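Okay, coords-v2.cif is below, mmCIF, C-alpha atoms:
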```
data_query
loop_
_atom_site.label_atom_id
_atom_site.label_comp_id
_atom_site.auth_asym_id
_atom_site.auth_seq_id
_atom_site.Cartn_x
_atom_site.Cartn_y
_atom_site.Cartn_z
CA MET A 903 -22.87 -59.56 1.88
CA SER A 904 -24.82 -56.54 0.68
CA LYS A 905 -28.36 -56.12 2.00
CA ARG A 906 -31.03 -53.82 0.70
CA GLN A 907 -32.20 -52.82 4.14
CA PRO A 908 -34.80 -50.01 3.87
CA GLN A 909 -33.60 -46.56 4.78
CA LEU A 910 -35.85 -44.59 7.10
CA MET A 911 -37.29 -41.78 4.98
CA ASP A 912 -38.31 -39.42 7.79
CA LYS A 913 -38.29 -35.63 7.92
CA SER A 914 -34.56 -35.42 8.71
CA ARG A 915 -33.62 -37.61 5.75
CA MET A 916 -35.97 -35.73 3.43
CA ARG A 917 -34.48 -32.41 4.46
CA ASP A 918 -30.98 -33.73 3.80
CA ILE A 919 -32.08 -34.76 0.29
CA PHE A 920 -33.97 -31.61 -0.65
CA MET A 921 -31.97 -28.79 0.94
CA PRO A 922 -29.09 -28.84 -1.60
CA HIS A 923 -31.72 -28.24 -4.30
CA PHE A 924 -33.89 -25.85 -2.31
CA GLU A 925 -33.52 -22.81 -4.57
CA ALA A 926 -34.67 -24.81 -7.60
CA ILE A 927 -37.72 -26.33 -5.91
CA ARG A 928 -38.63 -23.80 -3.19
CA GLU A 929 -41.94 -22.90 -4.86
CA HIS A 930 -43.03 -26.54 -4.80
CA ILE A 931 -41.97 -27.75 -1.35
CA TRP A 932 -42.70 -26.82 2.28
CA PHE A 933 -41.33 -28.33 5.48
CA SER A 934 -41.76 -27.88 9.20
CA ASP A 935 -41.10 -30.16 12.16
CA GLU A 936 -44.70 -31.38 11.84
CA LEU A 937 -45.63 -31.31 8.18
CA GLY A 938 -44.05 -31.73 4.75
CA ILE A 939 -45.77 -30.92 1.46
CA VAL A 940 -44.72 -31.38 -2.16
CA HIS A 941 -46.78 -29.38 -4.63
CA GLY A 942 -46.41 -30.40 -8.24
CA ASP A 943 -42.71 -30.62 -9.04
CA GLY A 944 -41.72 -34.16 -10.09
CA ARG A 945 -38.03 -33.38 -9.69
CA VAL A 946 -38.47 -33.94 -5.97
CA PHE A 947 -39.10 -37.64 -6.59
CA GLN A 948 -36.15 -37.91 -8.94
CA PHE A 949 -33.96 -36.72 -6.06
CA VAL A 950 -35.50 -39.40 -3.82
CA ILE A 951 -35.05 -42.31 -6.24
CA LYS A 952 -31.31 -41.59 -6.37
CA GLN A 953 -31.03 -42.47 -2.67
CA LYS A 954 -30.84 -46.24 -3.27
CA PRO A 955 -34.30 -47.52 -2.32
CA PRO A 956 -36.14 -49.27 -0.69
CA PHE A 957 -37.32 -46.87 2.00
CA VAL A 958 -39.51 -47.28 5.06
CA ILE A 959 -41.70 -44.53 6.54
CA ASN A 960 -42.87 -44.02 10.11
CA ASP A 961 -45.68 -41.54 9.45
CA HIS A 962 -48.90 -41.00 7.48
CA ARG A 963 -48.69 -39.76 3.86
CA LEU A 964 -51.50 -38.76 1.52
CA GLY A 965 -51.25 -37.62 -2.07
CA ILE A 966 -52.82 -37.05 -5.45
CA VAL A 967 -51.16 -37.93 -8.75
CA LEU A 968 -51.95 -34.85 -10.85
CA LYS A 969 -50.10 -35.74 -14.04
CA GLY A 970 -47.82 -38.40 -15.48
CA GLU A 971 -47.28 -41.91 -14.16
CA ALA A 972 -45.02 -43.99 -11.94
CA ASP A 973 -44.10 -47.61 -11.22
CA ILE A 974 -43.64 -48.30 -7.53
CA ASN A 975 -43.47 -51.35 -5.27
CA VAL A 976 -45.32 -50.83 -1.99
CA ASN A 977 -45.20 -53.52 0.70
CA LEU A 978 -44.03 -56.07 -1.89
CA THR A 979 -46.86 -55.26 -4.33
CA ASP A 980 -46.18 -53.60 -7.69
CA TRP A 981 -48.35 -50.62 -8.64
CA HIS A 982 -48.60 -48.58 -11.81
CA VAL A 983 -50.09 -45.25 -10.77
CA THR A 984 -51.47 -42.65 -13.16
CA ALA A 985 -53.10 -39.23 -13.03
CA GLY A 986 -56.26 -39.24 -10.93
CA THR A 987 -54.96 -41.71 -8.31
CA LEU A 988 -55.32 -40.90 -4.62
CA VAL A 989 -52.61 -42.56 -2.51
CA TYR A 990 -52.30 -43.32 1.20
CA LEU A 991 -49.16 -44.77 2.78
CA GLY A 992 -49.14 -45.54 6.51
CA PRO A 993 -46.49 -46.10 9.18
CA GLY A 994 -44.30 -49.11 8.51
CA THR A 995 -44.81 -49.02 4.74
CA ILE A 996 -41.85 -50.22 2.68
CA ILE A 997 -41.58 -48.26 -0.57
CA HIS A 998 -39.42 -49.10 -3.58
CA PRO A 999 -39.91 -46.56 -6.40
CA LYS A 1000 -38.90 -47.99 -9.77
CA ARG A 1001 -39.72 -45.37 -12.40
CA PHE A 1002 -41.21 -41.88 -12.65
CA SER A 1003 -42.29 -40.34 -15.94
CA SER A 1004 -40.62 -37.02 -16.83
CA ASP A 1005 -43.96 -35.18 -16.59
CA LEU A 1006 -44.91 -36.54 -13.15
CA GLU A 1007 -46.70 -34.04 -10.89
CA VAL A 1008 -47.87 -34.98 -7.41
CA PHE A 1009 -49.57 -33.05 -4.62
CA ALA A 1010 -48.61 -34.91 -1.44
CA MET A 1011 -48.14 -34.39 2.26
CA ALA A 1012 -46.37 -36.17 5.09
CA LEU A 1013 -47.69 -35.92 8.65
CA PHE A 1014 -44.48 -36.25 10.62
CA ALA A 1015 -44.29 -37.74 14.12
CA ASP A 1016 -44.71 -34.32 15.78
CA PHE A 1017 -47.88 -33.48 13.86
CA PRO A 1018 -50.88 -33.08 16.23
CA MET A 1019 -53.04 -35.85 14.79
CA PRO A 1020 -56.70 -34.78 14.73
CA PHE A 1021 -57.98 -38.15 16.00
CA ALA A 1022 -57.61 -39.94 19.30
CA PRO A 1023 -55.75 -43.28 18.98
CA VAL A 1024 -58.98 -45.22 19.54
CA ALA A 1025 -61.00 -43.03 17.16
CA PHE A 1026 -58.98 -43.22 13.95
CA PRO A 1027 -61.17 -43.60 10.85
CA PRO A 1028 -61.13 -47.19 9.53
CA ALA A 1029 -58.73 -46.40 6.68
CA TYR A 1030 -55.98 -45.42 9.15
CA ASN A 1031 -56.53 -47.75 12.11
CA GLY A 1032 -53.71 -50.09 11.11
CA SER A 1033 -55.71 -52.70 9.21
CA GLN A 1034 -54.55 -51.08 5.95
CA ARG A 1035 -50.92 -50.10 5.51
CA ASP A 1036 -51.54 -48.58 2.09
CA PHE A 1037 -54.28 -48.03 -0.50
CA PHE A 1038 -54.69 -46.57 -3.97
CA LEU A 1039 -58.05 -45.07 -5.00
CA HIS A 1040 -59.49 -44.09 -8.38
CA PRO A 1041 -62.57 -41.98 -7.59
CA GLY A 1042 -64.60 -39.73 -9.87
CA GLU A 1043 -63.47 -36.29 -10.94
CA ALA A 1044 -65.63 -34.50 -8.34
CA ASP A 1045 -64.03 -36.46 -5.49
CA ILE A 1046 -60.55 -35.80 -6.85
CA GLN A 1047 -61.32 -32.09 -7.04
CA THR A 1048 -62.56 -32.09 -3.43
CA ALA A 1049 -59.26 -33.60 -2.30
CA ARG A 1050 -57.38 -31.08 -4.45
CA HIS A 1051 -59.34 -28.13 -3.01
CA ILE A 1052 -58.61 -29.20 0.57
CA MET A 1053 -54.91 -29.61 -0.16
CA ASP A 1054 -54.84 -26.26 -1.97
CA THR A 1055 -56.38 -24.63 1.10
CA ILE A 1056 -53.77 -26.26 3.36
CA TRP A 1057 -51.02 -25.06 1.02
CA HIS A 1058 -52.43 -21.52 1.12
CA ALA A 1059 -52.87 -21.57 4.93
CA ILE A 1060 -49.31 -22.65 5.76
CA HIS A 1061 -47.89 -19.83 3.66
CA GLN A 1062 -49.61 -17.19 5.76
CA LYS A 1063 -47.45 -15.38 8.29
CA ASN A 1064 -47.89 -17.03 11.70
CA TYR A 1065 -50.47 -19.39 10.25
CA HIS A 1066 -53.16 -20.73 12.57
CA ARG A 1067 -52.04 -24.25 13.48
CA PRO A 1068 -55.46 -25.57 14.62
CA THR A 1069 -56.93 -24.52 11.27
CA VAL A 1070 -54.35 -26.57 9.39
CA THR A 1071 -54.95 -29.52 11.74
CA SER A 1072 -58.69 -29.32 11.02
CA LEU A 1073 -58.07 -29.16 7.27
CA VAL A 1074 -55.86 -32.25 7.50
CA ALA A 1075 -58.66 -33.99 9.40
CA ALA A 1076 -61.08 -33.06 6.60
CA LEU A 1077 -58.72 -34.50 3.99
CA MET A 1078 -58.25 -37.74 5.96
CA HIS A 1079 -62.00 -38.09 6.41
CA HIS A 1080 -62.47 -37.59 2.66
CA TYR A 1081 -59.96 -40.32 1.85
CA ASP A 1082 -61.59 -42.58 4.44
CA VAL A 1083 -65.05 -42.09 2.91
CA LEU A 1084 -63.71 -42.89 -0.56
CA TYR A 1085 -61.82 -45.93 0.75
CA ARG A 1086 -64.91 -47.35 2.45
CA ARG A 1087 -67.11 -46.56 -0.55
CA GLU A 1088 -64.78 -48.37 -2.93
CA ALA A 1089 -64.56 -51.34 -0.54
CA ALA A 1090 -68.37 -51.48 -0.31
CA LEU A 1091 -68.79 -51.38 -4.09
CA MET A 1092 -66.27 -54.17 -4.53
CA SER A 1093 -68.05 -56.21 -1.86
CA GLN A 1094 -71.46 -55.75 -3.52
CA SER A 1095 -70.13 -56.82 -6.89
CA ARG A 1096 -68.66 -60.06 -5.59
CA SER A 1097 -70.31 -63.35 -4.90
CA ARG A 1098 -70.52 -64.82 -1.41
CA GLU A 1099 -67.67 -67.16 -2.34
CA GLN A 1100 -65.50 -64.21 -3.35
CA THR A 1101 -66.34 -62.45 -0.09
CA ILE A 1102 -65.27 -65.54 1.86
CA PHE A 1103 -62.06 -65.71 -0.17
CA ASP A 1104 -61.26 -62.04 0.54
CA ARG A 1105 -61.85 -62.51 4.26
CA PHE A 1106 -59.65 -65.61 4.24
CA ILE A 1107 -56.79 -63.76 2.50
CA GLU A 1108 -57.11 -60.85 4.94
CA LEU A 1109 -56.86 -63.20 7.92
CA VAL A 1110 -53.99 -65.16 6.39
CA ASN A 1111 -51.98 -61.98 5.81
CA GLN A 1112 -52.54 -60.97 9.43
CA HIS A 1113 -51.96 -64.31 11.16
CA CYS A 1114 -49.88 -66.60 8.92
CA THR A 1115 -46.88 -66.51 11.25
CA GLU A 1116 -48.91 -67.74 14.24
CA HIS A 1117 -51.50 -69.94 12.53
CA ARG A 1118 -50.64 -72.18 9.59
CA GLN A 1119 -53.51 -74.66 9.84
CA LEU A 1120 -56.79 -74.25 8.00
CA ASP A 1121 -58.91 -75.00 11.08
CA TYR A 1122 -57.99 -71.63 12.65
CA TYR A 1123 -59.25 -69.69 9.62
CA ALA A 1124 -62.34 -71.86 9.29
CA GLN A 1125 -63.24 -71.11 12.91
CA ARG A 1126 -62.69 -67.37 12.41
CA ILE A 1127 -65.00 -67.35 9.37
CA CYS A 1128 -67.48 -69.75 11.02
CA LEU A 1129 -67.24 -72.43 8.32
CA THR A 1130 -66.14 -76.04 8.23
CA GLN A 1131 -62.60 -76.71 7.07
CA ARG A 1132 -63.89 -78.76 4.15
CA TYR A 1133 -66.27 -76.09 2.91
CA LEU A 1134 -63.71 -73.29 3.32
CA GLY A 1135 -61.10 -75.31 1.44
CA THR A 1136 -63.57 -75.96 -1.40
CA VAL A 1137 -64.54 -72.28 -1.65
CA ILE A 1138 -60.92 -71.09 -1.72
CA ARG A 1139 -60.02 -73.59 -4.44
CA GLN A 1140 -63.06 -72.67 -6.56
CA ALA A 1141 -62.56 -68.90 -6.13
CA SER A 1142 -58.83 -68.83 -6.88
CA GLY A 1143 -57.72 -72.11 -8.41
CA VAL A 1144 -55.23 -72.42 -5.54
CA THR A 1145 -55.59 -74.43 -2.33
CA ALA A 1146 -55.97 -72.73 1.03
CA LYS A 1147 -52.70 -74.29 2.20
CA GLU A 1148 -50.89 -72.77 -0.76
CA TRP A 1149 -52.24 -69.31 0.13
CA ILE A 1150 -51.03 -69.71 3.72
CA ASP A 1151 -47.61 -70.79 2.45
CA ARG A 1152 -47.45 -67.85 0.02
CA ALA A 1153 -48.21 -65.34 2.78
CA LEU A 1154 -45.66 -66.88 5.11
CA ILE A 1155 -42.96 -67.00 2.44
CA THR A 1156 -43.60 -63.32 1.66
CA ARG A 1157 -43.18 -62.47 5.35
CA ILE A 1158 -39.96 -64.47 5.50
CA LYS A 1159 -38.59 -62.72 2.41
CA VAL A 1160 -39.25 -59.32 4.00
CA GLU A 1161 -37.33 -60.41 7.10
CA LEU A 1162 -34.43 -61.76 5.03
CA LEU A 1163 -34.13 -58.75 2.74
CA HIS A 1164 -35.00 -55.89 5.04
CA THR A 1165 -33.60 -56.77 8.47
CA ASP A 1166 -30.20 -57.68 9.89
CA LYS A 1167 -31.62 -60.65 11.82
CA SER A 1168 -29.81 -63.96 11.52
CA VAL A 1169 -31.59 -66.86 9.84
CA VAL A 1170 -31.79 -68.55 13.24
CA ASP A 1171 -33.48 -65.53 14.83
CA ILE A 1172 -35.94 -65.22 11.95
CA ALA A 1173 -36.84 -68.90 12.27
CA TYR A 1174 -37.67 -68.61 15.97
CA ASP A 1175 -39.35 -65.19 15.64
CA LEU A 1176 -41.73 -66.63 13.04
CA GLY A 1177 -42.60 -69.62 15.19
CA PHE A 1178 -40.67 -72.43 13.52
CA ALA A 1179 -39.69 -75.37 15.73
CA SER A 1180 -36.06 -75.26 14.60
CA PRO A 1181 -33.81 -73.43 12.13
CA ALA A 1182 -33.37 -76.70 10.22
CA PHE A 1183 -37.11 -77.09 9.72
CA PHE A 1184 -37.32 -73.40 8.74
CA SER A 1185 -34.62 -73.81 6.08
CA LYS A 1186 -36.20 -77.01 4.73
CA TYR A 1187 -39.63 -75.32 4.52
CA PHE A 1188 -38.26 -72.26 2.73
CA LYS A 1189 -36.18 -74.29 0.26
CA ARG A 1190 -39.12 -76.57 -0.58
CA LEU A 1191 -41.19 -73.55 -1.62
CA THR A 1192 -38.54 -71.33 -3.22
CA GLY A 1193 -35.78 -73.68 -4.36
CA LEU A 1194 -33.21 -71.84 -2.23
CA THR A 1195 -32.14 -71.93 1.38
CA PRO A 1196 -32.84 -68.73 3.33
CA GLN A 1197 -29.14 -67.84 3.31
CA LYS A 1198 -28.80 -68.43 -0.44
CA TYR A 1199 -31.91 -66.36 -1.10
CA ARG A 1200 -30.54 -63.48 1.01
CA GLU A 1201 -27.22 -63.60 -0.83
CA LYS A 1202 -28.85 -63.85 -4.26
CA GLU A 1203 -31.19 -60.92 -3.73
#
```
Take the structure in the file and give it back as structure tokens.
Amino acid sequence: MSKRQPQLMDKSRMRDIFMPHFEAIREHIWFSDELGIVHGDGRVFQFVIKQKPPFVINDHRLGIVLKGEADINVNLTDWHVTAGTLVYLGPGTIIHPKRFSSDLEVFAMALFADFPMPFAPVAFPPAYNGSQRDFFLHPGEADIQTARHIMDTIWHAIHQKNYHRPTVTSLVAALMHHYDVLYRREAALMSQSRSREQTIFDRFIELVNQHCTEHRQLDYYAQRICLTQRYLGTVIRQASGVTAKEWIDRALITRIKVELLHTDKSVVDIAYDLGFASPAFFSKYFKRLTGLTPQKYREKE
């Protein structure tokens, strides 16, 4: 059986991909043990997509789409990104690039595991503290230019002989703070524009995505949001047209599909790891919601 288990796209793998083409792309790429930067040349991503995705990353990556467009699946969500998009991808992100336009240009950096992160583990800005594995922002032109200027300065600094490492670390911190401010601003604007019911729905979905494997009953989420089960169920149905139980099932099925497609675990191990009483009950649950047994789904996909 062939599985599409994600390949780890770390610095070693990226070097293996890019080095055979180094002379053609040397003006647009820079690598060290700590930091990798791609500046403009879309051919870099064409080399990557030939490596049989999906991929998983174990580091922080930030970028700006300068030109062109791309279709990419990130953590099981499809995105169509265009010029003017700021992108963040965090550790554990599963990436499946589908299509890049021929004129794609991206300014992006990867902070590899050895990079001296400018924040203490307990002081990471909200955008990078683990609650968000990825985000895509569409700020105004001035904010895009600020991000571009910081990245240009980093690009210039690393090309200086014996460049000053703390300066680059501080510039990376400035870029991450800028993305964090834009992330929180966009989240605040979305929150202000939504009704109380929509805010409750968003909080419910956030909790479900975080806890669906441990908590499958509505009373847990009602307690977390400080509402009665009946009222929460009514709000979710009115806001989305779907029952709360269906949302919990959808989140759990998505988690199961990730385990089936992107790990080598047996169906039995997945069942117990996700808290099911027995493999038989796990298979019955999955088939009821997808029409296939877990094993048939794994083989089909």
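Nearest-residue note for Arg928 in chain A: choosing from A:Ala1029, A:Leu988, A:Val946, A:Ile1060, the minimum distance belongs to A:Val946, counting all atoms listed in the file.
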Identify, on the basis of all atoms listed in the file, every residue whose closest approach to Ile951 in chain A does not exceed 10 Å; exclude the query and any residue fewer than 5 positions from it along the same chain; express the result as a ChimeraX atom specification.
-> /A:946,956-957,998-1002
Pick out the closest residue to Ile974 in chain A from this set: A:Phe947, A:Trp1149, A:Phe933, A:Tyr1174. Count all atoms listed in the file.
->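 That would be A:Phe947, the residue with the smallest distance to Ile974 in chain A.
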Hey, can you check how far CA of Ile1052 in chain A sits from CA of His1080 in chain A?
-> 9.5 Å
Name the closest residue to Val1137 in chain A among the candidates A:Arg1098, A:Lys969, A:Lys1186, A:Arg945; distances are taken between atoms, counting all atoms listed in the file.
->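 Looking at the shortest contact to Val1137 in chain A, the residue is A:Arg1098.
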Output as a PDB file, in the coordinates of the input: range 1175-1200 of chain A, completed with N, CA and C atoms.
```pdb
ATOM      1  N   ASP A1175     -38.395 -66.301  15.565  1.00  0.00           N
ATOM      2  CA  ASP A1175     -39.350 -65.190  15.640  1.00  0.00           C
ATOM      3  C   ASP A1175     -40.646 -65.512  14.899  1.00  0.00           C
ATOM      4  N   LEU A1176     -40.547 -66.298  13.826  1.00  0.00           N
ATOM      5  CA  LEU A1176     -41.730 -66.630  13.040  1.00  0.00           C
ATOM      6  C   LEU A1176     -42.362 -67.956  13.476  1.00  0.00           C
ATOM      7  N   GLY A1177     -41.913 -68.491  14.597  1.00  0.00           N
ATOM      8  CA  GLY A1177     -42.600 -69.620  15.190  1.00  0.00           C
ATOM      9  C   GLY A1177     -42.224 -70.995  14.683  1.00  0.00           C
ATOM     10  N   PHE A1178     -41.090 -71.122  13.985  1.00  0.00           N
ATOM     11  CA  PHE A1178     -40.670 -72.430  13.520  1.00  0.00           C
ATOM     12  C   PHE A1178     -40.005 -73.210  14.663  1.00  0.00           C
ATOM     13  N   ALA A1179     -40.196 -74.527  14.646  1.00  0.00           N
ATOM     14  CA  ALA A1179     -39.690 -75.370  15.730  1.00  0.00           C
ATOM     15  C   ALA A1179     -38.174 -75.373  15.792  1.00  0.00           C
ATOM     16  N   SER A1180     -37.522 -75.242  14.627  1.00  0.00           N
ATOM     17  CA  SER A1180     -36.060 -75.260  14.600  1.00  0.00           C
ATOM     18  C   SER A1180     -35.591 -74.557  13.333  1.00  0.00           C
ATOM     19  N   PRO A1181     -34.362 -74.031  13.341  1.00  0.00           N
ATOM     20  CA  PRO A1181     -33.810 -73.430  12.130  1.00  0.00           C
ATOM     21  C   PRO A1181     -33.730 -74.423  10.967  1.00  0.00           C
ATOM     22  N   ALA A1182     -33.466 -75.685  11.285  1.00  0.00           N
ATOM     23  CA  ALA A1182     -33.370 -76.700  10.220  1.00  0.00           C
ATOM     24  C   ALA A1182     -34.714 -76.882   9.524  1.00  0.00           C
ATOM     25  N   PHE A1183     -35.789 -76.953  10.307  1.00  0.00           N
ATOM     26  CA  PHE A1183     -37.110 -77.090   9.720  1.00  0.00           C
ATOM     27  C   PHE A1183     -37.475 -75.842   8.910  1.00  0.00           C
ATOM     28  N   PHE A1184     -37.099 -74.662   9.435  1.00  0.00           N
ATOM     29  CA  PHE A1184     -37.320 -73.400   8.740  1.00  0.00           C
ATOM     30  C   PHE A1184     -36.637 -73.397   7.372  1.00  0.00           C
ATOM     31  N   SER A1185     -35.380 -73.798   7.338  1.00  0.00           N
ATOM     32  CA  SER A1185     -34.620 -73.810   6.080  1.00  0.00           C
ATOM     33  C   SER A1185     -35.210 -74.822   5.093  1.00  0.00           C
ATOM     34  N   LYS A1186     -35.611 -75.981   5.590  1.00  0.00           N
ATOM     35  CA  LYS A1186     -36.200 -77.010   4.730  1.00  0.00           C
ATOM     36  C   LYS A1186     -37.520 -76.516   4.139  1.00  0.00           C
ATOM     37  N   TYR A1187     -38.335 -75.860   4.970  1.00  0.00           N
ATOM     38  CA  TYR A1187     -39.630 -75.320   4.520  1.00  0.00           C
ATOM     39  C   TYR A1187     -39.417 -74.259   3.429  1.00  0.00           C
ATOM     40  N   PHE A1188     -38.500 -73.341   3.679  1.00  0.00           N
ATOM     41  CA  PHE A1188     -38.260 -72.260   2.730  1.00  0.00           C
ATOM     42  C   PHE A1188     -37.702 -72.803   1.406  1.00  0.00           C
ATOM     43  N   LYS A1189     -36.776 -73.739   1.479  1.00  0.00           N
ATOM     44  CA  LYS A1189     -36.180 -74.290   0.260  1.00  0.00           C
ATOM     45  C   LYS A1189     -37.209 -75.076  -0.550  1.00  0.00           C
ATOM     46  N   ARG A1190     -38.087 -75.792   0.138  1.00  0.00           N
ATOM     47  CA  ARG A1190     -39.120 -76.570  -0.580  1.00  0.00           C
ATOM     48  C   ARG A1190     -40.015 -75.660  -1.416  1.00  0.00           C
ATOM     49  N   LEU A1191     -40.265 -74.439  -0.933  1.00  0.00           N
ATOM     50  CA  LEU A1191     -41.190 -73.550  -1.620  1.00  0.00           C
ATOM     51  C   LEU A1191     -40.511 -72.546  -2.552  1.00  0.00           C
ATOM     52  N   THR A1192     -39.228 -72.323  -2.386  1.00  0.00           N
ATOM     53  CA  THR A1192     -38.540 -71.330  -3.220  1.00  0.00           C
ATOM     54  C   THR A1192     -37.389 -71.902  -4.034  1.00  0.00           C
ATOM     55  N   GLY A1193     -36.915 -73.098  -3.666  1.00  0.00           N
ATOM     56  CA  GLY A1193     -35.780 -73.680  -4.360  1.00  0.00           C
ATOM     57  C   GLY A1193     -34.443 -73.237  -3.825  1.00  0.00           C
ATOM     58  N   LEU A1194     -34.442 -72.341  -2.820  1.00  0.00           N
ATOM     59  CA  LEU A1194     -33.210 -71.840  -2.230  1.00  0.00           C
ATOM     60  C   LEU A1194     -33.295 -71.911  -0.713  1.00  0.00           C
ATOM     61  N   THR A1195     -32.161 -72.067  -0.069  1.00  0.00           N
ATOM     62  CA  THR A1195     -32.140 -71.930   1.380  1.00  0.00           C
ATOM     63  C   THR A1195     -32.317 -70.458   1.727  1.00  0.00           C
ATOM     64  N   PRO A1196     -32.724 -70.136   2.952  1.00  0.00           N
ATOM     65  CA  PRO A1196     -32.840 -68.730   3.330  1.00  0.00           C
ATOM     66  C   PRO A1196     -31.546 -67.947   3.123  1.00  0.00           C
ATOM     67  N   GLN A1197     -30.410 -68.548   3.470  1.00  0.00           N
ATOM     68  CA  GLN A1197     -29.140 -67.840   3.310  1.00  0.00           C
ATOM     69  C   GLN A1197     -28.817 -67.605   1.832  1.00  0.00           C
ATOM     70  N   LYS A1198     -29.058 -68.593   0.985  1.00  0.00           N
ATOM     71  CA  LYS A1198     -28.800 -68.430  -0.440  1.00  0.00           C
ATOM     72  C   LYS A1198     -29.720 -67.373  -1.045  1.00  0.00           C
ATOM     73  N   TYR A1199     -30.976 -67.365  -0.597  1.00  0.00           N
ATOM     74  CA  TYR A1199     -31.910 -66.360  -1.100  1.00  0.00           C
ATOM     75  C   TYR A1199     -31.437 -64.956  -0.714  1.00  0.00           C
ATOM     76  N   ARG A1200     -31.025 -64.795   0.539  1.00  0.00           N
ATOM     77  CA  ARG A1200     -30.540 -63.480   1.010  1.00  0.00           C
ATOM     78  C   ARG A1200     -29.322 -63.040   0.195  1.00  0.00           C
TER      79      ARG A1200
END
```
